[in-house]
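Written below as structure tokens is the structure these notes are about.
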Amino acid sequence: MKRTGIVLVASTLLGILVGGVSSTAAPTEAATSEASARVAPAVQVPSGHKVVQRLQAKGVQTYTCTAGAWKGLEPAATLADRLGRAVGLHSRGPIWVSTVDGSAVEAAPVDGARNDVPGAVPELLLKAKSTRGDGVFAGVSYVQRLNTRGGLAPTGGCTEGAQTSVKYEALYTFSVPAL
């Protein structure tokens, strides 16, 4: 990535961290539990795993113009716990990093594990590729992107190399193997 891209991502994440989370509280535990009960079959975590963390993301999906069409470049979001406290960041990889303990998980979408949502980026099931640290993301095996709002790429043509960011929100759940 060019240096200007790094500065753009860093400033976007900083802006989200400073002002993006406090304006809307994260869902209550009851709302989060209710939402997890309505998970589409295509994005359900396989049996033998248990959810250990639910974090609300608020940020942007950034797109770049390639060959006259908008293509996904990267997410940049702040993760908040159920009390609305900023506890992590989500960025290109995709990767989720705890700002509390430095642990991280990088994941990749599971083939065919998506649920289209009208007017929003799709819900996804992602399988962990790697984890780092002994904190909240230690041993994570699956990540779900649920309850998505916004974040869709603009429609219509674009100028080669242009970039745009679209606000989105989602609930991310993190699962580990059940013992």
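Ordered as shown in the structure tokens, chains take letters A, B, and onward, while each chain numbers its residues from 1 and ligands are numbered from 1 in the order shown.
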Please provide the set of residues having any atom within 6 Å of A:Thr78, restricted to only C-alpha atoms, with same-chain residues fewer than 3 positions apart removed, written as a list in words.
Leu17, Ala57, Lys58, Gly88 and Leu89 of chain A
Residue contacts of stretch 90-97 of chain A (7 Å, only C-alpha atoms) excluding same-chain residues fewer than 3 positions away, as a VMD selection string:
chain A and resid 74 to 78 102 to 107
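When only C-alpha atoms are used to measure the gap to A:Tyr142, the shortest distance among A:Ala42, A:Leu179, A:Val51, A:Ala128 belongs to A:Ala128.
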If we count only C-alpha atoms and set the cut-off at 10 Å, which residues sit around A:Ala120, ignoring sequence neighbours fewer than 6 positions away in its own chain? Please answer as a compact mmCIF listing (two decimals) with N, CA and C atoms, in the first residue's frame.
# COMPACT_ATOMS: atom_id res chain seq x y z
N ASN A 147 -25.98 -8.84 11.35
CA ASN A 147 -26.77 -7.62 11.55
C ASN A 147 -26.15 -6.41 10.85
N THR A 148 -25.78 -6.59 9.59
CA THR A 148 -25.10 -5.52 8.86
C THR A 148 -26.06 -4.41 8.46
N ARG A 149 -25.53 -3.20 8.45
CA ARG A 149 -26.26 -2.01 7.98
C ARG A 149 -25.30 -1.16 7.18
N GLY A 150 -25.70 -0.78 5.96
CA GLY A 150 -24.89 0.09 5.12
C GLY A 150 -23.66 -0.61 4.58
N GLY A 151 -22.72 0.21 4.07
CA GLY A 151 -21.44 -0.29 3.60
C GLY A 151 -21.39 -0.75 2.16
N LEU A 152 -22.50 -0.65 1.42
CA LEU A 152 -22.49 -1.10 0.03
C LEU A 152 -21.68 -0.16 -0.85
N ALA A 153 -21.05 -0.74 -1.87
CA ALA A 153 -20.30 0.06 -2.85
C ALA A 153 -21.27 0.97 -3.60
N TYR A 168 -20.72 1.85 7.66
CA TYR A 168 -21.40 0.58 7.91
C TYR A 168 -21.36 0.26 9.40
N GLU A 169 -22.23 -0.66 9.78
CA GLU A 169 -22.25 -1.20 11.13
C GLU A 169 -22.49 -2.70 11.02
N ALA A 170 -21.98 -3.44 11.98
CA ALA A 170 -22.19 -4.89 12.02
C ALA A 170 -21.93 -5.39 13.43
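Those residues that approach A:Leu125 to within 9 Å, counting only C-alpha atoms, are Ala42, Val43, Gln44, Val45, Ala108, Pro109, Val110, Asp111, Gly112, Ala113, Arg114, Tyr142, Val143, Gln144, Arg145 and Leu146 of chain A; same-chain residues fewer than 3 positions away are not listed.
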Selection above as a file: all heavy atoms, as a CSV table (one decimal), in the first residue's frame:
chain,number,residue,atom,x,y,z
A,42,ALA,N,-26.7,-20.2,6.4
A,42,ALA,CA,-25.4,-20.1,5.6
A,42,ALA,C,-24.2,-19.6,6.4
A,42,ALA,O,-23.1,-19.8,6.0
A,42,ALA,CB,-25.6,-19.2,4.3
A,43,VAL,N,-24.5,-18.8,7.4
A,43,VAL,CA,-23.4,-18.2,8.2
A,43,VAL,C,-23.3,-18.7,9.6
A,43,VAL,O,-22.6,-18.0,10.4
A,43,VAL,CB,-23.5,-16.6,8.1
A,43,VAL,CG1,-23.3,-16.1,6.7
A,43,VAL,CG2,-24.8,-16.1,8.7
A,44,GLN,N,-23.9,-19.8,9.9
A,44,GLN,CA,-23.8,-20.3,11.3
A,44,GLN,C,-22.5,-21.0,11.5
A,44,GLN,O,-21.9,-21.6,10.6
A,44,GLN,CB,-24.9,-21.3,11.5
A,44,GLN,CG,-26.3,-20.6,11.7
A,44,GLN,CD,-27.4,-21.6,12.1
A,44,GLN,OE1,-27.2,-22.7,12.4
A,44,GLN,NE2,-28.6,-21.0,12.1
A,45,VAL,N,-22.0,-20.8,12.7
A,45,VAL,CA,-20.7,-21.4,13.1
A,45,VAL,C,-20.9,-22.9,13.2
A,45,VAL,O,-22.0,-23.4,13.8
A,45,VAL,CB,-20.2,-20.8,14.5
A,45,VAL,CG1,-19.0,-21.6,15.0
A,45,VAL,CG2,-19.9,-19.4,14.3
A,108,ALA,N,-10.5,-15.5,6.9
A,108,ALA,CA,-10.9,-15.5,5.5
A,108,ALA,C,-12.3,-16.0,5.4
A,108,ALA,O,-12.7,-16.9,6.1
A,108,ALA,CB,-9.9,-16.4,4.7
A,109,PRO,N,-13.1,-15.4,4.5
A,109,PRO,CA,-14.4,-15.9,4.3
A,109,PRO,C,-14.5,-17.4,3.9
A,109,PRO,O,-13.6,-17.9,3.2
A,109,PRO,CB,-14.9,-15.1,3.1
A,109,PRO,CG,-14.0,-13.9,3.1
A,109,PRO,CD,-12.7,-14.3,3.6
A,110,VAL,N,-15.5,-18.1,4.5
A,110,VAL,CA,-15.7,-19.5,4.1
A,110,VAL,C,-16.5,-19.5,2.8
A,110,VAL,O,-17.5,-18.8,2.7
A,110,VAL,CB,-16.5,-20.2,5.3
A,110,VAL,CG1,-16.9,-21.6,4.9
A,110,VAL,CG2,-15.7,-20.2,6.6
A,111,ASP,N,-16.0,-20.3,1.9
A,111,ASP,CA,-16.7,-20.3,0.6
A,111,ASP,C,-18.2,-20.6,0.7
A,111,ASP,O,-18.6,-21.6,1.4
A,111,ASP,CB,-16.1,-21.4,-0.3
A,111,ASP,CG,-14.7,-21.1,-0.9
A,111,ASP,OD1,-14.4,-19.8,-0.9
A,111,ASP,OD2,-14.0,-22.0,-1.3
A,112,GLY,N,-19.0,-19.8,0.1
A,112,GLY,CA,-20.5,-20.0,0.1
A,112,GLY,C,-21.1,-19.6,1.4
A,112,GLY,O,-22.4,-19.7,1.5
A,113,ALA,N,-20.4,-19.2,2.4
A,113,ALA,CA,-21.0,-18.8,3.7
A,113,ALA,C,-21.3,-17.3,3.8
A,113,ALA,O,-20.6,-16.6,4.4
A,113,ALA,CB,-20.1,-19.3,4.8
A,114,ARG,N,-22.3,-16.9,3.1
A,114,ARG,CA,-22.8,-15.5,3.1
A,114,ARG,C,-24.3,-15.4,3.0
A,114,ARG,O,-24.9,-16.3,2.5
A,114,ARG,CB,-22.1,-14.7,1.9
A,114,ARG,CG,-22.6,-15.0,0.6
A,114,ARG,CD,-21.9,-14.3,-0.5
A,114,ARG,NE,-22.6,-13.0,-0.8
A,114,ARG,CZ,-21.9,-11.9,-1.1
A,114,ARG,NH1,-20.6,-11.9,-1.2
A,114,ARG,NH2,-22.6,-10.8,-1.3
A,142,TYR,N,-13.6,-19.1,14.5
A,142,TYR,CA,-14.6,-18.5,13.5
A,142,TYR,C,-15.0,-17.1,13.9
A,142,TYR,O,-15.1,-16.8,15.1
A,142,TYR,CB,-15.8,-19.4,13.4
A,142,TYR,CG,-15.6,-20.6,12.6
A,142,TYR,CD1,-15.3,-21.8,13.3
A,142,TYR,CD2,-15.7,-20.7,11.3
A,142,TYR,CE1,-15.1,-23.0,12.6
A,142,TYR,CE2,-15.5,-21.8,10.5
A,142,TYR,CZ,-15.2,-23.0,11.2
A,142,TYR,OH,-15.0,-24.1,10.5
A,143,VAL,N,-15.3,-16.3,12.9
A,143,VAL,CA,-15.8,-14.9,13.1
A,143,VAL,C,-17.0,-14.8,12.2
A,143,VAL,O,-17.0,-15.3,11.1
A,143,VAL,CB,-14.8,-13.9,12.6
A,143,VAL,CG1,-15.3,-12.5,12.8
A,143,VAL,CG2,-13.4,-14.0,13.4
A,144,GLN,N,-18.1,-14.3,12.8
A,144,GLN,CA,-19.3,-14.0,12.0
A,144,GLN,C,-19.5,-12.5,11.9
A,144,GLN,O,-19.3,-11.8,12.9
A,144,GLN,CB,-20.5,-14.6,12.7
A,144,GLN,CG,-20.6,-16.0,12.8
A,144,GLN,CD,-21.8,-16.5,13.7
A,144,GLN,OE1,-21.8,-16.2,14.9
A,144,GLN,NE2,-22.8,-17.1,13.1
A,145,ARG,N,-19.9,-12.0,10.7
A,145,ARG,CA,-20.3,-10.6,10.5
A,145,ARG,C,-21.9,-10.7,10.4
A,145,ARG,O,-22.4,-11.3,9.4
A,145,ARG,CB,-19.7,-10.0,9.3
A,145,ARG,CG,-20.2,-8.6,9.1
A,145,ARG,CD,-19.4,-7.9,8.0
A,145,ARG,NE,-19.8,-8.3,6.7
A,145,ARG,CZ,-19.2,-7.9,5.5
A,145,ARG,NH1,-18.2,-7.1,5.6
A,145,ARG,NH2,-19.7,-8.4,4.4
A,146,LEU,N,-22.6,-10.2,11.3
A,146,LEU,CA,-24.0,-10.3,11.4
A,146,LEU,C,-24.7,-8.9,11.5
A,146,LEU,O,-24.0,-7.9,11.8
A,146,LEU,CB,-24.4,-11.1,12.6
A,146,LEU,CG,-23.8,-12.5,12.7
A,146,LEU,CD1,-24.2,-13.2,14.1
A,146,LEU,CD2,-24.3,-13.4,11.6
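Across the structure, atom CA of A:Val39 and atom CA of A:Asp101 are spaced 28.9 Å apart.
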Of A:Gly133, A:Gly68, A:Pro122, A:Gly139, the one sitting nearest A:Thr159 when using only C-alpha atoms is A:Gly68
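Atom CA of A:Gln61 sits 28.5 Å away from atom CA of A:Asp134.
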Stretch 91-143 of chain A: residues DSSP assigns to strand (DSSP E), reported as JSON, numbers by chain
{"A": [91, 95, 96, 97, 98, 104, 105, 106, 107, 108, 109, 110, 111, 112, 113, 114, 115, 116, 117, 120, 121, 122, 123, 124, 125, 126, 127, 128, 129, 130, 131, 132, 142, 143]}
Choose the residue, out of A:Arg38, A:Arg54, A:Lys129, A:Lys167, that has the smallest atom-to-atom separation from A:Arg82; count only C-alpha atoms.
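Under the stated criterion, the closest residue is A:Arg54.
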